[in-house]
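**Student:** This is data23.cif (mmCIF, C-alpha atoms).
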data_coords
#
loop_
_atom_site.label_atom_id
_atom_site.label_comp_id
_atom_site.auth_asym_id
_atom_site.auth_seq_id
_atom_site.Cartn_x
_atom_site.Cartn_y
_atom_site.Cartn_z
CA MET M 1 142.78 314.71 -17.13
CA ASP M 2 141.11 312.12 -19.39
CA GLN M 3 144.20 309.90 -19.29
CA ILE M 4 144.79 309.75 -15.55
CA PRO M 5 143.80 306.51 -13.80
CA ILE M 6 140.71 306.63 -11.60
CA CYS M 7 140.05 304.14 -8.78
CA ASP M 8 136.73 304.21 -6.96
CA THR M 9 137.09 302.34 -3.69
CA HIS M 10 133.45 302.78 -2.63
CA ALA M 11 130.41 302.95 -4.92
CA HIS M 12 126.77 301.84 -4.98
CA TYR M 13 125.81 301.08 -8.58
CA ASP M 14 123.02 298.84 -7.28
CA ASP M 15 121.18 302.03 -6.24
CA GLU M 16 117.99 302.64 -8.20
CA ALA M 17 119.42 305.98 -9.39
CA PHE M 18 121.42 303.91 -11.91
CA ASP M 19 118.50 301.86 -13.22
CA PRO M 20 118.23 303.84 -16.49
CA ASP M 21 121.87 303.44 -17.61
CA ARG M 22 123.63 300.96 -15.32
CA GLU M 23 124.45 298.53 -18.13
CA ALA M 24 125.95 301.23 -20.34
CA LEU M 25 128.06 302.63 -17.50
CA LEU M 26 129.40 299.35 -16.18
CA SER M 27 129.97 297.65 -19.51
CA GLU M 28 131.72 300.52 -21.31
CA GLY M 29 131.10 304.02 -19.95
CA LEU M 30 133.35 303.91 -16.90
CA ARG M 31 136.31 302.38 -18.74
CA GLU M 32 135.95 304.96 -21.49
CA GLY M 33 136.04 307.64 -18.79
CA GLY M 34 139.42 306.48 -17.49
CA VAL M 35 138.21 304.32 -14.60
CA ASP M 36 140.67 301.57 -13.65
CA PHE M 37 138.39 299.74 -11.21
CA VAL M 38 135.37 300.24 -8.95
CA VAL M 39 134.48 298.44 -5.73
CA ASN M 40 130.71 298.20 -5.49
CA VAL M 41 130.13 298.05 -1.77
CA GLY M 42 127.19 296.26 -0.20
CA ALA M 43 125.10 297.93 2.47
CA SER M 44 122.05 295.68 2.82
CA MET M 45 122.21 291.96 2.11
CA ARG M 46 120.35 292.70 -1.10
CA GLY M 47 123.05 295.21 -2.07
CA THR M 48 125.76 292.73 -1.18
CA ASP M 49 124.16 290.11 -3.43
CA ALA M 50 124.08 292.68 -6.24
CA SER M 51 127.74 293.62 -5.71
CA VAL M 52 128.82 290.01 -6.18
CA GLU M 53 126.61 289.72 -9.26
CA TYR M 54 128.12 292.85 -10.84
CA ALA M 55 131.66 291.71 -10.06
CA GLY M 56 130.98 288.51 -11.98
CA ARG M 57 129.43 290.31 -14.92
CA TYR M 58 131.64 293.39 -15.43
CA ASP M 59 135.43 293.52 -15.66
CA VAL M 60 135.59 296.99 -14.09
CA ILE M 61 133.73 295.95 -10.94
CA TYR M 62 134.98 294.31 -7.75
CA ALA M 63 132.76 293.66 -4.75
CA GLY M 64 132.61 294.61 -1.10
CA CYS M 65 130.34 292.42 1.01
CA GLY M 66 129.04 293.72 4.31
CA ILE M 67 126.02 295.09 6.12
CA HIS M 68 125.68 298.80 6.91
CA PRO M 69 124.76 299.62 10.53
CA ASP M 70 121.28 300.75 9.45
CA ASP M 71 120.65 297.26 8.05
CA VAL M 72 122.14 294.98 10.72
CA GLY M 73 118.58 294.03 11.62
CA VAL M 74 119.07 291.29 9.01
CA PHE M 75 121.13 289.58 11.75
CA GLU M 76 119.37 290.87 14.85
CA HIS M 77 115.79 290.25 13.71
CA ALA M 78 116.27 287.34 11.30
CA GLY M 79 113.46 284.83 11.44
CA TYR M 80 110.64 287.05 12.58
CA VAL M 81 108.81 290.23 11.66
CA LEU M 82 107.91 292.87 14.21
CA PRO M 83 104.26 293.88 14.66
CA GLY M 84 102.89 296.73 12.58
CA GLU M 85 103.96 295.63 9.11
CA PRO M 86 103.66 298.65 6.77
CA GLU M 87 100.72 298.40 4.41
CA ALA M 88 101.66 297.00 1.01
CA GLY M 89 100.22 300.01 -0.76
CA SER M 90 102.06 302.65 1.26
CA ASP M 91 104.72 304.43 -0.75
CA SER M 92 106.40 306.94 1.55
CA GLU M 93 110.18 306.66 1.55
CA GLU M 94 110.22 305.76 5.24
CA LYS M 95 107.64 302.99 4.85
CA LEU M 96 109.35 301.59 1.75
CA PHE M 97 112.62 301.42 3.65
CA GLU M 98 110.95 299.66 6.55
CA ARG M 99 109.20 297.15 4.29
CA ARG M 100 112.46 296.33 2.51
CA ARG M 101 114.21 295.83 5.84
CA ARG M 102 111.57 293.38 7.00
CA GLN M 103 111.71 291.52 3.71
CA GLU M 104 115.44 291.09 4.34
CA TRP M 105 114.77 289.71 7.82
CA ALA M 106 112.32 287.18 6.42
CA ARG M 107 114.96 285.71 4.09
CA PHE M 108 116.80 284.01 6.94
CA SER M 109 115.60 281.80 9.78
CA CYS M 110 118.18 283.09 12.28
CA SER M 111 121.23 285.30 12.63
CA ASP M 112 123.61 282.38 12.05
CA GLU M 113 121.99 281.70 8.68
CA ALA M 114 122.30 285.35 7.67
CA MET M 115 125.94 285.48 8.71
CA SER M 116 126.65 282.22 6.89
CA HIS M 117 125.22 283.71 3.72
CA LEU M 118 127.41 286.78 4.10
CA GLU M 119 130.47 284.62 4.67
CA GLU M 120 129.69 282.57 1.56
CA LEU M 121 129.47 285.75 -0.51
CA CYS M 122 132.73 287.05 0.95
CA ARG M 123 134.49 283.92 -0.31
CA ARG M 124 133.48 284.59 -3.94
CA ALA M 125 135.90 285.63 -6.66
CA LYS M 126 136.59 289.38 -6.91
CA VAL M 127 135.33 290.12 -3.40
CA VAL M 128 138.03 292.42 -1.98
CA CYS M 129 136.68 293.63 1.38
CA VAL M 130 134.09 293.23 4.10
CA GLY M 131 132.04 296.41 3.95
CA GLU M 132 130.50 298.68 4.35
CA ILE M 133 130.34 298.03 8.06
CA GLY M 134 130.51 300.26 11.09
CA LEU M 135 128.41 302.60 13.22
CA ASP M 136 125.79 305.24 12.44
CA TYR M 137 124.48 307.27 15.36
CA HIS M 138 122.80 309.86 13.13
CA TRP M 139 119.68 307.92 12.13
CA MET M 140 119.82 305.36 14.95
CA VAL M 141 117.84 302.80 12.96
CA GLU M 142 119.28 300.20 15.32
CA GLU M 143 120.38 300.75 18.93
CA LYS M 144 124.05 301.39 19.62
CA GLU M 145 124.53 298.01 21.28
CA VAL M 146 123.09 296.22 18.24
CA GLN M 147 125.25 298.18 15.81
CA GLN M 148 128.35 297.50 17.87
CA ARG M 149 127.61 293.79 18.16
CA TRP M 150 127.40 293.29 14.41
CA PHE M 151 130.28 295.63 13.63
CA ARG M 152 132.41 293.46 15.89
CA GLU M 153 131.11 290.25 14.29
CA GLN M 154 131.81 291.50 10.77
CA MET M 155 135.31 292.66 11.71
CA HIS M 156 135.91 289.16 13.06
CA LEU M 157 134.65 287.69 9.77
CA ALA M 158 137.08 289.91 7.85
CA TYR M 159 139.95 288.74 10.04
CA GLU M 160 139.01 285.08 9.60
CA LEU M 161 138.87 285.49 5.81
CA GLY M 162 141.96 287.68 5.52
CA LEU M 163 140.05 290.60 3.97
CA PRO M 164 140.35 294.34 4.65
CA ILE M 165 137.32 296.25 5.93
CA ASN M 166 135.50 299.29 4.55
CA VAL M 167 134.18 301.32 7.47
CA HIS M 168 131.13 303.59 7.70
CA SER M 169 131.13 306.01 10.64
CA ARG M 170 128.61 308.80 11.14
CA ASN M 171 128.31 310.75 14.40
CA ALA M 172 130.21 307.88 15.99
CA ALA M 173 133.89 308.81 15.52
CA GLN M 174 135.16 307.84 18.95
CA ASP M 175 133.23 304.56 19.27
CA THR M 176 134.27 303.55 15.74
CA PHE M 177 137.92 304.24 16.50
CA ASP M 178 137.74 302.49 19.87
CA MET M 179 136.28 299.33 18.34
CA ILE M 180 138.83 299.24 15.53
CA ARG M 181 141.58 299.86 18.07
CA GLU M 182 140.21 297.03 20.22
CA ASN M 183 140.40 294.75 17.19
CA TYR M 184 143.94 295.94 16.44
CA ASP M 185 145.13 295.46 20.02
CA ALA M 186 143.76 291.91 19.95
CA GLY M 187 146.02 291.16 16.98
CA HIS M 188 143.10 291.03 14.56
CA CYS M 189 143.91 294.07 12.42
CA THR M 190 142.78 293.62 8.85
CA GLY M 191 143.64 297.01 7.38
CA GLY M 192 141.15 298.73 5.15
CA ILE M 193 139.53 302.09 4.47
CA ILE M 194 137.79 304.57 6.73
CA HIS M 195 135.12 305.54 4.22
CA CYS M 196 134.00 309.13 3.63
CA TYR M 197 136.32 310.32 6.36
CA SER M 198 134.92 313.16 8.46
CA GLY M 199 137.09 313.09 11.57
CA SER M 200 140.03 315.14 12.75
CA ARG M 201 143.63 315.18 11.59
CA GLU M 202 144.66 313.70 14.90
CA LEU M 203 142.29 310.74 14.59
CA ALA M 204 143.40 310.16 10.98
CA ARG M 205 146.99 309.93 12.20
CA GLU M 206 145.98 307.19 14.64
CA TYR M 207 144.22 305.22 11.89
CA VAL M 208 147.32 305.50 9.71
CA LYS M 209 149.47 304.17 12.56
CA MET M 210 147.28 301.05 12.53
CA GLY M 211 147.70 300.71 8.75
CA TYR M 212 144.30 302.01 7.66
CA HIS M 213 143.68 304.23 4.64
CA ILE M 214 141.56 307.38 4.61
CA GLY M 215 138.75 307.51 2.00
CA ILE M 216 138.47 310.88 0.23
CA GLY M 217 135.50 311.74 -1.98
CA GLY M 218 133.66 314.70 -3.42
CA VAL M 219 133.31 316.54 -0.11
CA VAL M 220 136.97 317.58 -0.31
CA THR M 221 136.10 319.84 -3.26
CA PHE M 222 133.52 321.82 -1.28
CA LYS M 223 134.63 325.27 -0.19
CA ASN M 224 133.45 324.75 3.40
CA SER M 225 135.23 321.41 3.89
CA LYS M 226 138.15 322.99 5.73
CA THR M 227 138.63 320.14 8.21
CA LEU M 228 138.81 317.49 5.48
CA LYS M 229 141.21 319.62 3.45
CA ARG M 230 143.48 319.82 6.49
CA VAL M 231 143.27 316.03 6.87
CA VAL M 232 144.41 315.61 3.26
CA GLU M 233 147.26 318.05 3.77
CA ASP M 234 148.38 316.29 6.94
CA THR M 235 147.98 312.63 5.94
CA PRO M 236 150.79 311.00 3.92
CA LEU M 237 149.60 310.58 0.33
CA GLU M 238 150.37 306.84 0.55
CA TYR M 239 147.48 306.49 3.01
CA LEU M 240 144.82 308.26 0.95
CA VAL M 241 142.40 306.57 -1.46
CA THR M 242 139.68 308.01 -3.68
CA GLU M 243 135.98 307.12 -3.63
CA THR M 244 132.57 308.41 -4.69
CA ASP M 245 129.85 306.86 -2.51
CA CYS M 246 127.89 307.31 -5.73
CA PRO M 247 125.18 308.14 -6.55
CA TYR M 248 125.77 310.53 -3.61
CA LEU M 249 128.30 313.27 -2.79
CA SER M 250 129.12 314.60 -6.25
CA PRO M 251 132.14 316.88 -6.23
CA GLU M 252 132.18 320.43 -7.51
CA PRO M 253 131.27 321.44 -10.19
CA GLY M 254 128.46 318.85 -10.20
CA ARG M 255 127.42 319.12 -6.56
CA GLY M 256 123.81 318.06 -6.06
CA LYS M 257 123.70 315.94 -9.23
CA ARG M 258 123.98 312.17 -9.50
CA ASN M 259 127.56 311.11 -8.92
CA ASP M 260 129.56 308.40 -10.71
CA SER M 261 133.16 307.18 -10.69
CA ARG M 262 134.33 309.39 -13.55
CA ASN M 263 133.90 312.43 -11.28
CA ILE M 264 136.84 311.29 -9.16
CA ARG M 265 138.99 313.31 -11.56
CA TYR M 266 137.90 316.41 -9.61
CA VAL M 267 138.79 314.79 -6.30
CA ILE M 268 142.25 313.92 -7.62
CA GLU M 269 142.72 317.48 -8.82
CA GLU M 270 141.89 318.83 -5.37
CA ILE M 271 144.15 316.36 -3.59
CA ALA M 272 147.02 317.27 -5.94
CA LYS M 273 146.40 320.95 -5.27
CA LEU M 274 146.42 320.43 -1.50
CA LYS M 275 149.57 318.32 -1.75
CA GLN M 276 151.21 320.88 -4.07
CA MET M 277 152.07 318.33 -6.74
CA ASP M 278 151.18 317.63 -10.35
CA THR M 279 147.89 315.84 -10.97
CA GLU M 280 149.25 312.89 -12.96
CA THR M 281 151.84 311.95 -10.33
CA CYS M 282 149.21 312.26 -7.61
CA ALA M 283 146.79 310.07 -9.59
CA ARG M 284 149.39 307.32 -10.08
CA ILE M 285 150.16 307.19 -6.36
CA LEU M 286 146.46 307.11 -5.48
CA GLN M 287 145.98 304.29 -7.98
CA LYS M 288 148.81 302.32 -6.36
CA ASN M 289 147.27 302.86 -2.92
CA ALA M 290 143.85 301.59 -4.03
CA HIS M 291 145.35 298.47 -5.60
CA GLU M 292 147.43 297.76 -2.51
CA VAL M 293 144.69 298.19 0.10
CA TYR M 294 142.38 295.85 -1.83
CA ARG M 295 145.19 293.55 -2.99
CA ILE M 296 144.30 293.94 -6.65
CA LYS M 297 147.18 293.51 -9.09
CA ILE M 298 147.78 296.45 -11.42
#
Please express the file's structure as structure tokens.

**Tutor:**
Amino acid sequence: MDQIPICDTHAHYDDEAFDPDREALLSEGLREGGVDFVVNVGASMRGTDASVEYAGRYDVIYAGCGIHPDDVGVFEHAGYVLPGEPEAGSDSEEKLFERRRRQEWARFSCSDEAMSHLEELCRRAKVVCVGEIGLDYHWMVEEKEVQQRWFREQMHLAYELGLPINVHSRNAAQDTFDMIRENYDAGHCTGGIIHCYSGSRELAREYVKMGYHIGIGGVVTFKNSKTLKRVVEDTPLEYLVTETDCPYLSPEPGRGKRNDSRNIRYVIEEIAKLKQMDTETCARILQKNAHEVYRIKI
């Protein structure tokens, strides 16, 4: 397994979980572990800035630039801060998140300025997608209408720049599909990846018809992930790609521990098992898929 190629189409090495050993991992550790390339995907504007920085510094890293639905307030609320600013000394996770969001809003005078900054980042070398973008109705940090507005705007940006998209969807399967289908029907299809796929086989088939790839990570190794296993069995291998979402979603046998790209070997093993094929052949096809969807030469 050490020699098979590993492609991580969705990672977050800017997360503070990697502060102790980020340099060691990105400069040497991942390559030594068989990793071909990683796309560090932005979620907040801060994370998007970091993704571009890492892509410029490390050969193994490419960047995704986009704003997660929880953080689209950087567009919606740019230029002002809502009343009730959390106290500087408060340290609960919720208050820290809120303070960071409001700091992001204060960076830009208006939504146009924030979007212009995102567009400028997307034009940088080694930026291979607009993402992660989409809808999240689980936490509802922003209202549905707000999330949908900025999902649509970022899909339009991807189309204008000729970049694929990397799509986050949580508890919003139908709305996510409908908006991507709307984009497709308008002739603005960009292709891309439906990240951390959690929908049905039937919905996956519809995404594949539009040319999208299905992102498969550590969840597929869990014993209770029967729906995702059926999706893998049903979806043509040429439309599957591997990912981590690290530091989250470690596969078995490391479930619950910090994840990193080297653990994709377990995801590949499971996909090969479900497809009833040898692991090396499966890995080579998955590598080809990842290069093609992000237009990275092997």

**Student:** Which polymer residues have any atom within 12 Å of an atom of Glu238 (chain M), counting all atoms listed in the file, with same-chain residues fewer than 3 positions away left out, as a list of chain:residue names?

**Tutor:**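 The filter keeps M:Val208, M:Gly211, M:Tyr212, M:His213, M:Ile214, M:Gly215, M:Val232, M:Asp234, M:Thr235, M:Val241, M:Thr242, M:Lys275, M:Cys282, M:Ala283, M:Arg284, M:Ile285, M:Leu286, M:Gln287, M:Lys288, M:Asn289, M:Ala290, M:His291, M:Glu292, M:Val293.
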
**Student:** For the atom pair CA of Phe222 (chain M) and CA of Asn259 (chain M), what is the interatomic distance in Å to one decimal place?

**Tutor:**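 Here the two named atoms are 14.4 Å from each other.
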
**Student:** Selected by the PyMOL selection byres ((chain M and resi 9) around 6) in the shown coordinates: which residues, as number ranges by chain?

**Tutor:** M: 8, 10, 38-39, 243

**Student:** Have a look at CA of Lys95 (chain M) and CA of Glu143 (chain M) and let me know their distance in Å, one decimal.

**Tutor:** 19.1 Å

**Student:** What's the 6 Å shell around region 167-179 of chain M, counting only C-alpha atoms, without same-chain residues fewer than 2 positions away, as a ChimeraX atom specification?

**Tutor:** /M:132-138,181-182,194-195

**Student:** Tell me, as a VMD selection string, which residues lie within 10 Å of Val72 (chain M), counting only C-alpha atoms; anything in the same chain fewer than 2 positions away does not count.

**Tutor:** chain M and resid 43 to 45 66 to 70 74 to 78 101 105 111 133 to 134 141 to 142 146 to 151

**Student:** Under the PyMOL selection byres ((chain M and resi 118) around 9), which residues of this model are included? Write them out as a list of chain:residue names.

**Tutor:**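 Applying the PyMOL selection byres ((chain M and resi 118) around 9) to the structure shown produces M:Met45, M:Thr48, M:Asp49, M:Cys65, M:Gly66, M:Ile67, M:Glu113, M:Ala114, M:Met115, M:Ser116, M:His117, M:Glu119, M:Glu120, M:Leu121, M:Cys122, M:Arg123.
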
**Student:** Using Å and a single decimal, report how far CA of Leu26 (chain M) sits from CA of Arg57 (chain M).

**Tutor:**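 Answer for the CA of Arg57 (chain M) to CA of Leu26 (chain M) separation: 9.1 Å.
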
**Student:** Out of M:Cys246, M:Ala63, M:Val219, M:Met155, which residue has the shortest atom-to-atom distance to Asp15 (chain M) when counting only C-alpha atoms?

**Tutor:** M:Cys246

**Student:** What lies within 7 Å of Asp245 (chain M) using only C-alpha atoms, ignoring chain neighbours under 2 positions off, as a VMD selection string?

**Tutor:** chain M and resid 10 to 12 243 247 to 249

**Student:** Working from the structure I just supplied, which lacks atoms in region 250-271 of chain M, can you model N, CA, C and O atoms there and output them as an mmCIF file, in the frame of the given file?

**Tutor:**
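Saved file part_15.cif follows:
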data_model
loop_
_atom_site.group_PDB
_atom_site.id
_atom_site.type_symbol
_atom_site.label_atom_id
_atom_site.label_comp_id
_atom_site.auth_asym_id
_atom_site.auth_seq_id
_atom_site.Cartn_x
_atom_site.Cartn_y
_atom_site.Cartn_z
ATOM 1 N N SER M 250 128.417 314.120 -5.059
ATOM 2 C CA SER M 250 129.120 314.600 -6.250
ATOM 3 C C SER M 250 130.034 315.757 -5.905
ATOM 4 O O SER M 250 129.663 316.651 -5.145
ATOM 5 N N PRO M 251 131.234 315.768 -6.464
ATOM 6 C CA PRO M 251 132.140 316.880 -6.230
ATOM 7 C C PRO M 251 131.722 318.119 -7.020
ATOM 8 O O PRO M 251 130.905 318.030 -7.946
ATOM 9 N N GLU M 252 132.285 319.268 -6.646
ATOM 10 C CA GLU M 252 132.180 320.430 -7.510
ATOM 11 C C GLU M 252 132.892 320.090 -8.822
ATOM 12 O O GLU M 252 133.905 319.408 -8.799
ATOM 13 N N PRO M 253 132.365 320.483 -9.968
ATOM 14 C CA PRO M 253 131.270 321.440 -10.190
ATOM 15 C C PRO M 253 129.881 320.806 -10.319
ATOM 16 O O PRO M 253 128.940 321.498 -10.672
ATOM 17 N N GLY M 254 129.743 319.512 -10.017
ATOM 18 C CA GLY M 254 128.460 318.850 -10.200
ATOM 19 C C GLY M 254 127.726 318.596 -8.904
ATOM 20 O O GLY M 254 126.858 317.717 -8.838
ATOM 21 N N ARG M 255 128.024 319.341 -7.871
ATOM 22 C CA ARG M 255 127.420 319.120 -6.560
ATOM 23 C C ARG M 255 125.900 319.153 -6.655
ATOM 24 O O ARG M 255 125.327 320.035 -7.296
ATOM 25 N N GLY M 256 125.269 318.156 -6.044
ATOM 26 C CA GLY M 256 123.810 318.060 -6.060
ATOM 27 C C GLY M 256 123.268 317.180 -7.165
ATOM 28 O O GLY M 256 122.099 316.809 -7.146
ATOM 29 N N LYS M 257 124.114 316.824 -8.135
ATOM 30 C CA LYS M 257 123.700 315.940 -9.230
ATOM 31 C C LYS M 257 124.120 314.505 -8.910
ATOM 32 O O LYS M 257 124.892 314.258 -7.998
ATOM 33 N N ARG M 258 123.605 313.568 -9.688
ATOM 34 C CA ARG M 258 123.980 312.170 -9.500
ATOM 35 C C ARG M 258 125.486 312.003 -9.735
ATOM 36 O O ARG M 258 126.031 312.476 -10.724
ATOM 37 N N ASN M 259 126.121 311.320 -8.847
ATOM 38 C CA ASN M 259 127.560 311.110 -8.920
ATOM 39 C C ASN M 259 127.871 309.785 -9.624
ATOM 40 O O ASN M 259 127.062 308.850 -9.586
ATOM 41 N N ASP M 260 129.037 309.686 -10.266
ATOM 42 C CA ASP M 260 129.560 308.400 -10.710
ATOM 43 C C ASP M 260 131.086 308.454 -10.694
ATOM 44 O O ASP M 260 131.685 309.512 -10.471
ATOM 45 N N SER M 261 131.718 307.321 -10.918
ATOM 46 C CA SER M 261 133.160 307.180 -10.690
ATOM 47 C C SER M 261 134.005 308.118 -11.529
ATOM 48 O O SER M 261 135.117 308.489 -11.116
ATOM 49 N N ARG M 262 133.543 308.516 -12.682
ATOM 50 C CA ARG M 262 134.330 309.390 -13.550
ATOM 51 C C ARG M 262 134.592 310.741 -12.887
ATOM 52 O O ARG M 262 135.574 311.421 -13.215
ATOM 53 N N ASN M 263 133.739 311.144 -11.947
ATOM 54 C CA ASN M 263 133.900 312.430 -11.280
ATOM 55 C C ASN M 263 135.064 312.456 -10.289
ATOM 56 O O ASN M 263 135.413 313.528 -9.769
ATOM 57 N N ILE M 264 135.680 311.324 -10.053
ATOM 58 C CA ILE M 264 136.840 311.290 -9.160
ATOM 59 C C ILE M 264 137.974 312.148 -9.708
ATOM 60 O O ILE M 264 138.853 312.576 -8.942
ATOM 61 N N ARG M 265 137.953 312.434 -10.993
ATOM 62 C CA ARG M 265 138.990 313.310 -11.560
ATOM 63 C C ARG M 265 139.054 314.629 -10.793
ATOM 64 O O ARG M 265 140.134 315.179 -10.586
ATOM 65 N N TYR M 266 137.917 315.144 -10.342
ATOM 66 C CA TYR M 266 137.900 316.410 -9.610
ATOM 67 C C TYR M 266 138.449 316.250 -8.198
ATOM 68 O O TYR M 266 139.063 317.165 -7.652
ATOM 69 N N VAL M 267 138.235 315.089 -7.627
ATOM 70 C CA VAL M 267 138.790 314.790 -6.300
ATOM 71 C C VAL M 267 140.312 314.704 -6.398
ATOM 72 O O VAL M 267 141.038 315.251 -5.550
ATOM 73 N N ILE M 268 140.809 314.034 -7.420
ATOM 74 C CA ILE M 268 142.250 313.920 -7.620
ATOM 75 C C ILE M 268 142.880 315.296 -7.821
ATOM 76 O O ILE M 268 143.941 315.605 -7.253
ATOM 77 N N GLU M 269 142.221 316.121 -8.609
ATOM 78 C CA GLU M 269 142.720 317.480 -8.820
ATOM 79 C C GLU M 269 142.867 318.238 -7.504
ATOM 80 O O GLU M 269 143.866 318.923 -7.268
ATOM 81 N N GLU M 270 141.864 318.112 -6.645
ATOM 82 C CA GLU M 270 141.890 318.830 -5.370
ATOM 83 C C GLU M 270 142.969 318.272 -4.445
ATOM 84 O O GLU M 270 143.675 319.031 -3.769
ATOM 85 N N ILE M 271 143.104 316.949 -4.416
ATOM 86 C CA ILE M 271 144.150 316.360 -3.590
ATOM 87 C C ILE M 271 145.525 316.817 -4.069
ATOM 88 O O ILE M 271 146.398 317.183 -3.254
#
